[in-house]
Every structure is written in C-alpha cells, then in structure tokens.
Amino acid sequence: KFKRLNDVGDKFLSIGRNMGLVTLGLGAAFISGAKKAIELQNQYVKIKNLAVTGGEHSVEAQRNVNKMRQQGVDLSLKYGVSQEKIGKGYEELIRRGYSTNQTLATQKQFLQASIASGDDYTDVVHNATSAIESFGLKTNNSSKMAANTKTVLNQMAYAADLTATDFNGMGEALKYVGATAHNAHQSIAETSSAIGILSNNGLDASQAGTGLRQV
C-alpha cells in the first residue's frame, strides 16, 4: 500500500512539475503578447500625434486612428501581415503627408500589391508612395488619392511582372528618374515600361533610373 501511495505521489509530483513548466510557458507568452500590445498602442498614439501635428483636428484624428486599429486587425487576419507592420505602414503614410482619411482609404491597396507582387509590404509602401510623390499624384481628395494609389501600384506591378525587375527594383529606379520623367510629361506607365526594358538589358534599380534620367 505504501509503495502504491508513493508511486501515486511521484506521479502527482511529476504532473505538478510539468504543469509548472506549462504555466511558465503561458506566462512568457502572455508577457510577450502584453509587450506587443503596449508597443502597438504606443504606435497608434504616435500616429495620432503626427496627424495632429500635420494639421488635423484632434477629434477627427482620434476617430480615424480608432478606425485604423480595427482595419489593422481585419487586414492582418485577411492578408497575414502582422498588425505591427501594418501600424508602421500607417505611420509612414502619415509622415509622408497623407491624411488619416487617405491612409484609411489606401491601406488595403498596399497590402494587396504586396501579396500580388510577393514583395515585402513595407517596401511596397515606401516605394509606391515615393513614386506617387514624384509624379505629382498626391491630392487632398481621399477618393482621388485612393484612385491614384491604385493606378501607381498596378502600373509598377504590371511592368515589374513582365520584365526582369521586381517591385522593389522598380521603386528604386523611380526614385532616380520619377521627378525628371514627370517634368518631361512622361506618365508613370511609360516610365515603368522603360525601366522594365532597361532591366531586360541588364540595367536594374538605381542603374536603370540613372540611365533613363540621362536619356
């Protein structure tokens, strides 16, 4: 009997030790999750402050930042991009002069372009917004801004898909030649096509942009 009791006791001690390890694991996960939640919260506070500094009324900025939070959750679940990355995308758009309304209107398009092209979402946001600015396509109208964003993303992705470059290389080339091409009354479609042709001939990214600028 004593042996059986000792055996049972040992089993309970073993279960207790294992449960302790599980509890520690859950605790670590909770701390990690809590830390990420706090960082994400701080990210949205920063976005709201940037929007207000950029001239938006505090009430409107807060209302739209609340919408961003929900949109960020929905888009993260749909496209598999972390909420943290999406939050950084919101921040870059605000820093580049987008209003909170424009940011809400265009975010989905950047994610769709990232999925379609296979390029990193952060790179897509950075390169496409730079191209939009270079070709004078920024506007205060949110609907028009969404349409311009869609056009730029589609044309960059289309030209990249049909040539030897990729979205990131296309964006890098446009940084060098975008403003010059716009001043020469060339559209982003024409410029992207020319960059793609140069990439087929061994000139990519900054080389293509520099070469095209000198033409």
# chains A, B, ... in the order shown; residues from 1 in each chain; ligands from 1

$ residues_around --residues "range 41-43 of chain A" --least-positions-apart "3" --cutoff "12 Å" --atoms "only C-alpha atoms" --output "MDAnalysis selection string"
chainID A and resid 34:38 46:50 65:66 68:69 83:92

$ write_last_selection --atoms "N, CA, C and O atoms" --output "CSV table (one decimal), in the first residue's frame"
chain,number,residue,atom,x,y,z
A,34,ALA,N,1.6,40.9,-24.1
A,34,ALA,CA,1.3,42.2,-23.5
A,34,ALA,C,2.2,43.3,-24.0
A,34,ALA,O,1.8,44.4,-24.2
A,35,LYS,N,3.5,42.9,-24.1
A,35,LYS,CA,4.5,43.8,-24.6
A,35,LYS,C,4.2,44.3,-26.0
A,35,LYS,O,4.3,45.5,-26.3
A,36,LYS,N,3.8,43.4,-26.9
A,36,LYS,CA,3.4,43.7,-28.2
A,36,LYS,C,2.2,44.6,-28.3
A,36,LYS,O,2.1,45.6,-29.1
A,37,ALA,N,1.3,44.3,-27.4
A,37,ALA,CA,0.0,45.1,-27.3
A,37,ALA,C,0.3,46.6,-26.9
A,37,ALA,O,-0.2,47.5,-27.5
A,38,ILE,N,1.3,46.7,-25.9
A,38,ILE,CA,1.6,48.0,-25.5
A,38,ILE,C,2.4,48.8,-26.6
A,38,ILE,O,2.1,50.0,-26.8
A,46,LYS,N,1.3,57.5,-31.4
A,46,LYS,CA,2.3,58.3,-32.2
A,46,LYS,C,1.6,58.8,-33.5
A,46,LYS,O,1.8,59.9,-34.0
A,47,ILE,N,0.9,57.9,-34.2
A,47,ILE,CA,0.2,58.2,-35.4
A,47,ILE,C,-0.8,59.3,-35.2
A,47,ILE,O,-0.8,60.3,-36.0
A,48,LYS,N,-1.5,59.3,-34.1
A,48,LYS,CA,-2.5,60.3,-33.9
A,48,LYS,C,-1.8,61.7,-33.6
A,48,LYS,O,-2.2,62.7,-34.2
A,49,ASN,N,-0.7,61.6,-32.9
A,49,ASN,CA,0.1,62.9,-32.6
A,49,ASN,C,0.7,63.4,-33.9
A,49,ASN,O,0.7,64.7,-34.1
A,50,LEU,N,1.1,62.6,-34.8
A,50,LEU,CA,1.7,63.0,-36.1
A,50,LEU,C,0.6,63.7,-36.9
A,50,LEU,O,0.8,64.7,-37.6
A,65,VAL,N,-7.9,57.2,-36.2
A,65,VAL,CA,-6.9,56.2,-35.6
A,65,VAL,C,-7.7,55.0,-35.0
A,65,VAL,O,-7.2,53.9,-35.1
A,66,ASN,N,-8.8,55.2,-34.4
A,66,ASN,CA,-9.6,54.1,-33.9
A,66,ASN,C,-10.0,53.2,-35.0
A,66,ASN,O,-10.0,52.0,-34.9
A,68,MET,N,-8.4,52.9,-37.8
A,68,MET,CA,-7.2,52.2,-38.2
A,68,MET,C,-6.9,50.9,-37.4
A,68,MET,O,-6.5,49.9,-38.0
A,69,ARG,N,-7.1,51.1,-36.1
A,69,ARG,CA,-6.9,49.9,-35.3
A,69,ARG,C,-7.7,48.7,-35.7
A,69,ARG,O,-7.3,47.6,-35.8
A,83,GLN,N,0.0,43.0,-37.4
A,83,GLN,CA,-0.5,44.3,-37.0
A,83,GLN,C,0.6,45.3,-36.8
A,83,GLN,O,0.4,46.5,-37.1
A,84,GLU,N,1.7,44.9,-36.3
A,84,GLU,CA,2.8,45.8,-36.1
A,84,GLU,C,3.3,46.4,-37.4
A,84,GLU,O,3.6,47.6,-37.5
A,85,LYS,N,3.4,45.5,-38.4
A,85,LYS,CA,3.9,46.0,-39.7
A,85,LYS,C,2.9,47.0,-40.3
A,85,LYS,O,3.2,48.0,-40.9
A,86,ILE,N,1.6,46.6,-40.2
A,86,ILE,CA,0.6,47.5,-40.7
A,86,ILE,C,0.6,48.8,-40.0
A,86,ILE,O,0.4,49.9,-40.6
A,87,GLY,N,0.8,48.8,-38.7
A,87,GLY,CA,0.9,50.0,-37.9
A,87,GLY,C,2.0,50.9,-38.4
A,87,GLY,O,1.9,52.2,-38.5
A,88,LYS,N,3.2,50.3,-38.7
A,88,LYS,CA,4.3,51.1,-39.3
A,88,LYS,C,4.0,51.6,-40.7
A,88,LYS,O,4.5,52.7,-41.0
A,89,GLY,N,3.2,50.9,-41.4
A,89,GLY,CA,2.7,51.4,-42.7
A,89,GLY,C,1.9,52.6,-42.6
A,89,GLY,O,2.0,53.6,-43.3
A,90,TYR,N,0.9,52.6,-41.6
A,90,TYR,CA,0.1,53.7,-41.3
A,90,TYR,C,1.0,54.9,-41.0
A,90,TYR,O,0.8,56.1,-41.5
A,91,GLU,N,2.0,54.7,-40.2
A,91,GLU,CA,2.9,55.8,-39.7
A,91,GLU,C,3.6,56.4,-40.9
A,91,GLU,O,3.7,57.6,-41.0
A,92,GLU,N,4.1,55.6,-41.8
A,92,GLU,CA,4.9,56.1,-42.9
A,92,GLU,C,4.0,57.0,-43.8
A,92,GLU,O,4.4,58.0,-44.3

$ residues_around --residues "range 150-152 of chain A" --least-positions-apart "4" --cutoff "7 Å" --atoms "only C-alpha atoms" --output "number ranges by chain"
A: 109, 128, 132, 146, 156

$ closest_residue --among "A:Asn101, A:Ala159, A:Gln112, A:Asp166" --to "Ser142 in chain A" --atoms "only C-alpha atoms"
A:Asn101

$ atom_distance --atom1 "CA of Thr139 in chain A" --atom2 "CA of Ser82 in chain A"
28.5 Å

$ closest_residue --among "A:Ser134, A:Thr129, A:Asn64, A:Thr163" --to "Thr180 in chain A" --atoms "only C-alpha atoms"
A:Ser134

$ residues_around --residues "Glu133 in chain A" --least-positions-apart "2" --cutoff "12 Å" --atoms "only C-alpha atoms" --output "list in words"
Leu93, Arg96, Gly97, Tyr98, His126, Asn127, Ala128, Thr129, Ser130, Ala131, Phe135, Gly136, Leu137, Lys138, Thr139, Met145, Asn148, Thr149, Val152, Leu174, Lys175, Gly178, Ala179, His182 and Ile188 of chain A
